>>> print(open('protein_15.cif').read())   # mmCIF, C-alpha atoms
data_data
loop_
_atom_site.label_atom_id
_atom_site.label_comp_id
_atom_site.auth_asym_id
_atom_site.auth_seq_id
_atom_site.Cartn_x
_atom_site.Cartn_y
_atom_site.Cartn_z
CA MET H 1 104.47 48.18 -34.32
CA PRO H 2 100.94 49.58 -34.60
CA ASN H 3 102.09 53.21 -34.83
CA THR H 4 104.77 52.61 -37.49
CA PHE H 5 104.34 52.62 -41.27
CA GLY H 6 106.89 51.64 -43.90
CA HIS H 7 109.93 49.38 -44.26
CA LEU H 8 113.05 51.26 -45.36
CA PHE H 9 111.43 54.70 -45.12
CA ARG H 10 109.48 54.53 -41.86
CA ILE H 11 107.30 56.91 -39.91
CA ASN H 12 106.17 56.57 -36.30
CA THR H 13 103.43 58.99 -35.28
CA TRP H 14 102.65 59.99 -31.71
CA GLY H 15 100.37 62.24 -29.64
CA GLU H 16 96.70 62.81 -28.89
CA SER H 17 94.23 65.39 -30.13
CA HIS H 18 93.88 67.26 -26.82
CA GLY H 19 97.26 66.55 -25.29
CA GLY H 20 100.36 68.71 -25.42
CA GLY H 21 101.02 68.03 -29.06
CA VAL H 22 101.42 65.54 -31.89
CA GLY H 23 104.29 64.58 -34.12
CA VAL H 24 106.30 62.03 -36.04
CA VAL H 25 109.68 60.37 -36.13
CA VAL H 26 110.89 59.64 -39.67
CA ASP H 27 113.57 56.98 -39.88
CA GLY H 28 115.42 55.85 -42.99
CA CYS H 29 115.42 59.16 -44.84
CA PRO H 30 118.53 59.42 -47.04
CA PRO H 31 121.12 62.04 -46.07
CA ARG H 32 121.74 65.32 -47.89
CA ILE H 33 118.10 65.97 -48.81
CA PRO H 34 117.32 69.71 -48.58
CA LEU H 35 114.72 70.15 -45.84
CA THR H 36 113.41 73.09 -43.81
CA GLU H 37 110.47 73.62 -41.49
CA SER H 38 108.84 75.87 -44.10
CA THR H 39 108.84 73.00 -46.60
CA ILE H 40 106.94 70.81 -44.16
CA GLN H 41 104.71 73.69 -43.08
CA THR H 42 103.42 74.15 -46.63
CA GLU H 43 101.86 70.69 -46.53
CA LEU H 44 100.62 71.01 -42.95
CA ASP H 45 98.82 74.25 -43.84
CA ARG H 46 96.81 72.35 -46.46
CA ARG H 47 95.68 69.88 -43.77
CA ARG H 48 95.11 72.17 -40.79
CA PRO H 49 91.69 73.01 -39.32
CA GLY H 50 90.16 76.45 -39.62
CA GLN H 51 91.43 77.02 -43.16
CA SER H 52 88.01 77.76 -44.66
CA SER H 53 84.32 78.18 -43.87
CA ILE H 54 83.47 74.54 -44.62
CA VAL H 55 85.86 72.80 -42.20
CA THR H 56 86.13 72.62 -38.42
CA PRO H 57 86.67 76.07 -36.85
CA ARG H 58 89.27 74.75 -34.39
CA LYS H 59 92.06 77.35 -34.44
CA GLU H 60 95.39 75.61 -34.82
CA SER H 61 98.41 77.03 -36.62
CA ASP H 62 99.93 73.52 -36.73
CA THR H 63 103.36 75.13 -36.59
CA CYS H 64 106.03 72.44 -36.88
CA THR H 65 109.41 72.26 -35.17
CA ILE H 66 112.20 69.98 -36.39
CA LEU H 67 113.92 68.53 -33.32
CA SER H 68 116.51 66.27 -34.93
CA GLY H 69 117.87 64.78 -38.12
CA VAL H 70 118.48 68.05 -40.00
CA PHE H 71 121.65 70.15 -39.94
CA GLU H 72 122.18 73.36 -41.90
CA GLY H 73 119.11 72.70 -44.02
CA MET H 74 120.07 69.14 -45.00
CA THR H 75 118.96 65.75 -43.70
CA THR H 76 121.74 63.87 -41.94
CA GLY H 77 120.49 60.32 -42.43
CA THR H 78 119.55 60.03 -38.74
CA PRO H 79 115.96 59.96 -37.39
CA ILE H 80 114.03 63.15 -38.07
CA SER H 81 111.75 64.14 -35.21
CA ILE H 82 109.00 66.72 -35.80
CA MET H 83 106.64 68.19 -33.22
CA VAL H 84 103.46 70.27 -33.53
CA ARG H 85 102.02 71.68 -30.32
CA ASN H 86 98.25 71.71 -29.76
CA GLU H 87 97.12 75.30 -29.21
CA ASP H 88 93.31 75.21 -29.10
CA GLN H 89 92.48 72.05 -27.21
CA ARG H 90 89.23 72.13 -25.23
CA PRO H 91 88.96 68.80 -23.42
CA SER H 92 86.07 70.05 -21.27
CA ALA H 93 83.86 70.08 -24.39
CA TYR H 94 84.07 66.29 -24.37
CA ARG H 95 83.19 65.71 -20.70
CA GLU H 96 80.00 63.81 -21.57
CA MET H 97 82.03 61.36 -23.64
CA GLU H 98 83.78 60.21 -20.48
CA THR H 99 80.75 58.06 -19.74
CA MET H 100 79.08 57.80 -23.17
CA TYR H 101 80.12 56.06 -26.36
CA ARG H 102 79.75 58.25 -29.45
CA PRO H 103 78.04 56.41 -32.33
CA SER H 104 80.48 55.26 -35.08
CA HIS H 105 83.52 56.55 -33.18
CA ALA H 106 86.34 54.51 -31.67
CA ASP H 107 85.21 55.12 -28.08
CA TYR H 108 83.79 51.67 -27.42
CA THR H 109 86.37 49.75 -29.45
CA TYR H 110 89.35 51.47 -27.76
CA GLN H 111 87.78 50.71 -24.38
CA ALA H 112 87.28 47.08 -25.41
CA LYS H 113 90.89 46.77 -26.61
CA TYR H 114 92.83 48.61 -23.90
CA GLY H 115 90.46 48.80 -20.94
CA ILE H 116 91.13 52.55 -20.87
CA ARG H 117 90.65 55.38 -23.37
CA ASN H 118 91.39 59.05 -23.78
CA TRP H 119 87.89 60.50 -24.11
CA GLN H 120 89.17 64.03 -24.78
CA GLY H 121 88.40 64.41 -28.46
CA GLY H 122 89.17 60.83 -29.43
CA GLY H 123 92.87 60.73 -28.51
CA ARG H 124 94.83 58.72 -31.10
CA ALA H 125 91.67 58.11 -33.14
CA SER H 126 91.42 61.84 -33.89
CA ALA H 127 92.33 63.17 -37.32
CA ARG H 128 95.02 65.28 -35.60
CA GLU H 129 97.14 62.13 -35.67
CA THR H 130 97.47 62.66 -39.42
CA ILE H 131 99.70 65.70 -38.82
CA GLY H 132 102.57 63.25 -38.44
CA ARG H 133 101.66 61.47 -41.66
CA VAL H 134 101.50 64.72 -43.64
CA ALA H 135 104.84 65.86 -42.21
CA GLY H 136 106.38 62.51 -43.12
CA GLY H 137 104.84 62.73 -46.58
CA ALA H 138 106.39 66.18 -47.03
CA ILE H 139 109.83 64.68 -46.41
CA ALA H 140 109.08 61.81 -48.80
CA LYS H 141 108.13 64.44 -51.39
CA GLU H 142 111.59 66.02 -51.12
CA VAL H 143 113.33 62.65 -51.47
CA LEU H 144 111.35 61.82 -54.60
CA ALA H 145 111.92 65.30 -56.03
CA LYS H 146 115.67 64.71 -55.85
CA PHE H 147 115.80 61.18 -57.26
CA VAL H 148 112.63 60.98 -59.42
CA PRO H 149 112.28 64.63 -60.51
CA LYS H 150 109.24 64.17 -62.78
CA PHE H 151 107.26 62.30 -60.11
CA GLU H 152 103.93 63.94 -59.19
CA VAL H 153 101.01 63.14 -56.89
CA VAL H 154 97.70 64.96 -57.31
CA ALA H 155 94.66 64.09 -55.23
CA PHE H 156 91.28 65.80 -55.53
CA VAL H 157 87.71 65.51 -54.31
CA GLN H 158 85.86 63.52 -56.95
CA GLN H 159 82.54 63.10 -55.17
CA ILE H 160 80.65 64.65 -52.26
CA TYR H 161 77.39 62.97 -51.28
CA ASN H 162 75.59 62.39 -54.60
CA ILE H 163 77.51 64.93 -56.71
CA THR H 164 80.32 63.47 -58.81
CA SER H 165 82.91 65.07 -61.07
CA ASP H 166 83.29 63.42 -64.47
CA ILE H 167 86.74 64.87 -65.22
CA SER H 168 89.42 62.39 -66.25
CA PRO H 169 92.20 62.08 -63.63
CA SER H 170 94.74 62.62 -66.41
CA ASP H 171 93.32 66.13 -66.94
CA VAL H 172 93.42 67.24 -63.31
CA ILE H 173 95.80 70.09 -62.50
CA PHE H 174 97.12 70.65 -58.97
CA SER H 175 96.76 74.45 -59.12
CA GLU H 176 93.10 74.14 -60.14
CA VAL H 177 92.39 71.79 -57.24
CA GLU H 178 94.08 74.13 -54.75
CA SER H 179 92.30 77.20 -56.11
CA ASN H 180 89.04 76.37 -54.30
CA ILE H 181 88.25 75.40 -50.69
CA VAL H 182 86.50 72.15 -51.67
CA ARG H 183 89.57 70.97 -53.61
CA TRP H 184 87.24 70.17 -56.50
CA PRO H 185 89.01 69.56 -59.85
CA VAL H 186 86.95 72.19 -61.70
CA ALA H 187 86.97 75.37 -59.65
CA ALA H 188 83.96 76.87 -61.44
CA GLU H 189 81.81 74.03 -60.08
CA ALA H 190 82.94 74.49 -56.46
CA PRO H 191 80.16 76.90 -55.32
CA ARG H 192 77.59 74.13 -55.76
CA LEU H 193 79.57 71.88 -53.43
CA ILE H 194 80.17 74.65 -50.90
CA GLU H 195 76.42 75.29 -50.75
CA LEU H 196 75.77 71.59 -50.18
CA ILE H 197 78.26 71.37 -47.30
CA GLU H 198 77.01 74.58 -45.67
CA ASN H 199 73.39 73.39 -45.82
CA VAL H 200 74.33 70.06 -44.27
CA ARG H 201 76.19 71.85 -41.47
CA LYS H 202 73.12 74.01 -40.72
CA GLN H 203 71.12 70.80 -40.35
CA GLY H 204 73.60 69.52 -37.81
CA ASP H 205 74.54 66.70 -40.15
CA SER H 206 77.48 65.57 -42.30
CA VAL H 207 78.30 64.06 -45.70
CA GLY H 208 81.01 61.82 -47.12
CA GLY H 209 82.47 61.28 -50.56
CA VAL H 210 85.41 60.08 -52.63
CA VAL H 211 88.96 61.34 -53.05
CA CYS H 212 90.65 60.34 -56.30
CA CYS H 213 94.42 60.30 -56.59
CA VAL H 214 96.66 60.12 -59.66
CA ILE H 215 100.38 59.38 -59.33
CA ARG H 216 102.33 60.37 -62.43
CA ASN H 217 105.75 59.40 -63.78
CA VAL H 218 106.17 56.40 -61.51
CA PRO H 219 109.16 54.26 -62.53
CA PRO H 220 108.17 50.75 -63.66
CA GLY H 221 109.18 47.92 -61.34
CA LEU H 222 108.06 49.29 -57.94
CA GLY H 223 106.21 46.85 -55.72
CA GLU H 224 106.66 43.29 -54.52
CA PRO H 225 105.10 40.29 -56.27
CA VAL H 226 103.19 38.65 -53.41
CA PHE H 227 102.32 40.15 -50.02
CA ASP H 228 103.69 43.68 -50.47
CA LYS H 229 102.08 44.36 -53.82
CA LEU H 230 102.06 48.05 -54.62
CA GLU H 231 98.28 48.28 -54.68
CA ALA H 232 98.06 46.29 -51.45
CA ASP H 233 100.35 48.74 -49.67
CA LEU H 234 98.46 51.69 -51.15
CA ALA H 235 95.21 50.15 -49.93
CA ALA H 236 96.65 49.61 -46.44
CA ALA H 237 97.89 53.21 -46.36
CA MET H 238 94.58 54.69 -47.42
CA MET H 239 92.43 52.45 -45.26
CA SER H 240 94.50 53.48 -42.23
CA LEU H 241 93.29 57.08 -42.63
CA PRO H 242 90.50 58.25 -40.31
CA ALA H 243 87.00 57.91 -41.82
CA SER H 244 88.15 55.88 -44.85
CA LYS H 245 85.76 53.05 -45.75
CA GLY H 246 86.71 51.90 -49.24
CA PHE H 247 89.57 51.64 -51.74
CA GLU H 248 89.71 50.77 -55.42
CA ILE H 249 92.40 51.07 -58.07
CA GLY H 250 92.11 51.32 -61.84
CA SER H 251 88.77 50.01 -63.02
CA GLY H 252 87.98 48.92 -59.46
CA PHE H 253 84.57 47.40 -58.88
CA ALA H 254 83.36 48.66 -62.26
CA GLY H 255 85.74 46.18 -63.88
CA VAL H 256 83.44 43.29 -63.02
CA CYS H 257 81.05 44.58 -65.67
CA LEU H 258 83.66 44.07 -68.42
CA LYS H 259 84.87 40.96 -70.22
CA GLY H 260 88.58 40.17 -70.32
CA SER H 261 88.77 41.29 -73.95
CA GLU H 262 87.37 44.66 -72.87
CA HIS H 263 89.37 45.03 -69.66
CA ASN H 264 92.89 44.10 -70.76
CA ASP H 265 95.40 46.91 -71.43
CA PRO H 266 97.19 46.20 -74.76
CA PHE H 267 100.95 46.85 -74.89
CA VAL H 268 102.60 49.05 -77.51
CA MET H 269 106.05 50.56 -78.02
CA GLU H 270 106.18 54.34 -77.81
CA ASP H 271 109.44 56.29 -78.10
CA GLY H 272 111.38 53.16 -77.22
CA ARG H 273 109.32 52.52 -74.10
CA VAL H 274 106.70 49.88 -73.29
CA ARG H 275 103.32 51.57 -72.86
CA THR H 276 99.67 50.53 -72.67
CA THR H 277 96.90 51.89 -74.87
CA SER H 278 94.46 51.93 -71.94
CA ASN H 279 94.92 52.01 -68.17
CA ARG H 280 92.21 49.89 -66.59
CA SER H 281 94.95 48.28 -64.47
CA GLY H 282 95.48 51.64 -62.80
CA GLY H 283 99.22 51.59 -63.35
CA VAL H 284 99.86 48.36 -61.44
CA GLN H 285 100.05 44.81 -62.80
CA GLY H 286 101.05 41.77 -60.77
CA GLY H 287 101.54 44.07 -57.79
CA ILE H 288 104.26 46.03 -59.62
CA SER H 289 104.11 49.45 -61.28
CA ASN H 290 104.13 49.38 -65.10
CA GLY H 291 105.07 53.04 -65.63
CA GLU H 292 101.56 54.29 -66.41
CA ASP H 293 99.67 56.67 -64.12
CA ILE H 294 98.60 55.02 -60.88
CA VAL H 295 94.96 55.96 -60.33
CA PHE H 296 92.99 55.02 -57.23
CA ARG H 297 89.99 56.20 -55.24
CA VAL H 298 89.29 56.33 -51.51
CA ALA H 299 85.79 56.49 -50.03
CA PHE H 300 85.33 58.51 -46.83
CA LYS H 301 82.26 58.15 -44.64
CA PRO H 302 80.20 61.10 -43.37
CA THR H 303 81.82 62.62 -40.29
CA ALA H 304 80.65 60.59 -37.30
CA THR H 305 80.26 63.61 -35.02
CA ILE H 306 77.02 65.46 -35.73
CA SER H 307 75.01 67.89 -33.59
CA GLN H 308 71.77 65.94 -33.84
CA GLY H 309 70.66 63.75 -30.96
CA GLN H 310 71.66 60.09 -31.36
CA GLN H 311 70.91 56.91 -29.48
CA THR H 312 73.83 55.41 -27.54
CA VAL H 313 74.71 53.77 -24.23
CA THR H 314 76.87 54.75 -21.29
CA THR H 315 79.92 52.88 -20.03
CA GLU H 316 77.51 51.29 -17.52
CA GLY H 317 75.20 50.08 -20.28
CA GLU H 318 72.42 52.63 -19.75
CA ALA H 319 70.53 53.78 -22.88
CA VAL H 320 70.82 57.56 -23.39
CA GLU H 321 70.64 60.19 -26.10
CA LEU H 322 73.82 62.04 -27.00
CA LYS H 323 74.03 65.37 -28.77
CA ALA H 324 77.66 65.97 -29.64
CA ARG H 325 79.47 69.19 -28.90
CA GLY H 326 82.82 70.45 -30.11
CA ARG H 327 84.15 71.63 -33.44
CA HIS H 328 83.98 69.22 -36.33
CA ASP H 329 84.09 69.02 -40.12
CA PRO H 330 80.68 68.63 -41.79
CA CYS H 331 82.66 66.96 -44.60
CA VAL H 332 86.18 65.56 -44.20
CA LEU H 333 86.95 65.41 -47.92
CA PRO H 334 88.73 68.78 -48.49
CA ARG H 335 91.19 68.14 -45.65
CA ALA H 336 91.59 64.48 -46.60
CA VAL H 337 93.20 65.39 -49.94
CA PRO H 338 96.68 66.24 -48.52
CA MET H 339 96.44 63.19 -46.26
CA VAL H 340 95.88 60.91 -49.26
CA GLU H 341 98.78 62.54 -51.11
CA ALA H 342 101.07 62.12 -48.10
CA MET H 343 100.30 58.42 -47.68
CA ALA H 344 100.75 57.84 -51.42
CA ARG H 345 104.20 59.44 -51.29
CA LEU H 346 105.16 57.37 -48.25
CA VAL H 347 104.26 54.15 -50.08
CA ILE H 348 106.06 55.12 -53.27
CA VAL H 349 109.26 56.36 -51.61
CA ASP H 350 109.47 53.19 -49.53
CA HIS H 351 109.06 50.95 -52.58
CA TRP H 352 111.48 53.11 -54.57
CA MET H 353 114.11 52.62 -51.87
CA ARG H 354 113.43 48.89 -51.77
CA GLN H 355 113.83 48.67 -55.54
CA ARG H 356 117.03 50.71 -55.39
CA ALA H 357 118.39 48.35 -52.73
CA LEU H 358 117.73 45.43 -55.08
CA ALA H 359 120.17 47.03 -57.56
CA TRP H 360 120.07 44.20 -60.09
CA GLU H 361 121.19 46.32 -63.04
#
>>> encode(input="protein_15.cif", output="structure tokens")
Amino acid sequence: MPNTFGHLFRINTWGESHGGGVGVVVDGCPPRIPLTESTIQTELDRRRPGQSSIVTPRKESDTCTILSGVFEGMTTGTPISIMVRNEDQRPSAYREMETMYRPSHADYTYQAKYGIRNWQGGGRASARETIGRVAGGAIAKEVLAKFVPKFEVVAFVQQIYNITSDISPSDVIFSEVESNIVRWPVAAEAPRLIELIENVRKQGDSVGGVVCCVIRNVPPGLGEPVFDKLEADLAAAMMSLPASKGFEIGSGFAGVCLKGSEHNDPFVMEDGRVRTTSNRSGGVQGGISNGEDIVFRVAFKPTATISQGQQTVTTEGEAVELKARGRHDPCVLPRAVPMVEAMARLVIVDHWMRQRALAWE
């Protein structure tokens, strides 16, 4: 099921970037969860193109329509189908890609796998596929709000190119992140990042970076002990996002520079609850949440489409130079933030439902 994610709470995304539309079917959502199109639209608006001067200028309203699974503003427990029509598709802008493979795109690999590919903007490999993920994540958010009311997910851009924020994830505030178009955790620093992205765009180039995500008030006990460890499922979710190239949780790779005596998180009792005095585990131990903040980071590569000439080959094997056209993000990071949050919610709600089904207490 290559287009399906989740076990008890499942999403199946569909559609291509320059087809009639894209969408998602959400199966396993509990009944009687308040849900409206406006609730989903709020999250889609954070992901959509054209929202600021530093993202792709493609003009899409990304207006969602709920086709099933909701009656009188409440989920019914049946599959929820959501559709978003494409409004500004320009397949003719990609005509050259019919016979050329774009460097670092999925053109060649899709051709190798299927023997056919949709060359109009990348088809399923396009970031427009993530509309379905964000819509599904919006529904997961409502489920968690009802059953785990203090639960919170906040993602933010921690690094762009060689500029890194040193703020602690525990100090990041959602409203501050959303107050600037970079989704930088300290809004006063955002102009420096905007200037960097705009300069890169003028050069016909692109930059990557890191999105950090903190998940707060996660109940202890979520996750499976062996193959479906919580961090493993989070890693799979994040690495399935377009342009993602790396994942680390807690201390991550930096932990190799510490000794065990320095890395371990000591336990203490606090207000009748087991806590840790540090959080180098990133909120997960033995594949299971321990109740502390889950903190992870996702690395995103520079956008593969740039307007500079690049060496490639045609479908016939002829060496050519390709100068890409179309409308593309010089930096995917600002729009990746709601995608990371959505996938995090999908993982947590699925594991929360699995733990609830265990019902050992």
>>> resolve_selection(input="protein_15.cif", expression="the PyMOL selection byres ((chain H and resi 216) around 6)", output="list in words")
Phe151, Glu152, Ile215, Asn217, Val218 and Asp293 of chain H
>>> resolve_selection(input="protein_15.cif", expression="the PyMOL selection byres ((chain H and resi 274) around 12)", output="list in words")
Pro219, Pro220, Asp265, Pro266, Phe267, Val268, Met269, Glu270, Asp271, Gly272, Arg273, Arg275, Thr276, Thr277, Asn290, Gly291 and Glu292 of chain H
>>> atom_distance(input="protein_15.cif", atom1="CA of Phe156 in chain H", atom2="CA of Val210 in chain H")
8.7 Å
>>> atom_distance(input="protein_15.cif", atom1="CA of Ile348 in chain H", atom2="CA of Gly69 in chain H")
21.5 Å
>>> residues_around(input="protein_15.cif", residues="Pro334 in chain H", least_positions_apart="6", cutoff="9 Å", atoms="all atoms listed in the file", output="list of chain:residue names")
H:Arg47, H:Ile54, H:Val55, H:Phe156, H:Val157, H:Ile181, H:Val182, H:Arg183, H:Trp184, H:Val211
>>> resolve_selection(input="protein_15.cif", expression="the PyMOL selection byres ((chain H and resi 132) around 10)", output="list in words")
Ile11, Asn12, Thr13, Trp14, Gly15, Val22, Gly23, Val24, Val25, Val26, Leu44, Cys64, Ser81, Ile82, Met83, Val84, Arg128, Glu129, Thr130, Ile131, Arg133, Val134, Ala135, Gly136, Gly137, Ala138, Met339 and Ala342 of chain H
>>> atom_distance(input="protein_15.cif", atom1="CA of Arg356 in chain H", atom2="CA of Ile294 in chain H")
19.7 Å
>>> residues_around(input="protein_15.cif", residues="Lys245 in chain H", least_positions_apart="2", cutoff="7 Å", atoms="all atoms listed in the file", output="number ranges by chain")
H: 239, 243, 299-301
>>> write_last_selection(input="protein_15.cif", atoms="C-alpha atoms", output="PDB file, in the coordinates of the input")
ATOM      1  CA  MET H 239      92.430  52.450 -45.260  1.00  0.00           C
ATOM      2  CA  ALA H 243      87.000  57.910 -41.820  1.00  0.00           C
ATOM      3  CA  ALA H 299      85.790  56.490 -50.030  1.00  0.00           C
ATOM      4  CA  PHE H 300      85.330  58.510 -46.830  1.00  0.00           C
ATOM      5  CA  LYS H 301      82.260  58.150 -44.640  1.00  0.00           C
TER       6      LYS H 301
END
>>> residues_around(input="protein_15.cif", residues="range 29-33 of chain H", least_positions_apart="3", cutoff="12 Å", atoms="all atoms listed in the file", output="ChimeraX atom specification")
/H:6-11,25-26,36,39,69-81,136-147,346,349-350,353
>>> residues_around(input="protein_15.cif", residues="Tyr161 in chain H", least_positions_apart="2", cutoff="7 Å", atoms="all atoms listed in the file", output="number ranges by chain")
H: 159, 163, 207-209
>>> closest_residue(input="protein_15.cif", among="H:Gln310, H:Phe247, H:Ala236, H:Pro185", to="Leu322 in chain H", atoms="all atoms listed in the file")
H:Gln310
>>> closest_residue(input="protein_15.cif", among="H:Ile66, H:Val347, H:Val320, H:Ala127", to="Arg48 in chain H", atoms="only C-alpha atoms")
H:Ala127
>>> closest_residue(input="protein_15.cif", among="H:Cys331, H:Ala125, H:Val313, H:Met343", to="Met100 in chain H", atoms="all atoms listed in the file")
H:Val313
>>> closest_residue(input="protein_15.cif", among="H:Gly204, H:Gly123, H:Gly287, H:Pro103", to="Gly20 in chain H", atoms="all atoms listed in the file")
H:Gly123
>>> closest_residue(input="protein_15.cif", among="H:Leu67, H:Ile288, H:Ile194, H:Val295", to="Ser170 in chain H", atoms="only C-alpha atoms")
H:Val295
>>> axis_aligned_box(input="protein_15.cif", around="range 109-124 of chain H", padding_each_side="4 Å", output="AutoDock Vina command-line options")
--center_x 90.6 --center_y 55.6 --center_z -26.0 --size_x 16.5 --size_y 25.6 --size_z 18.2
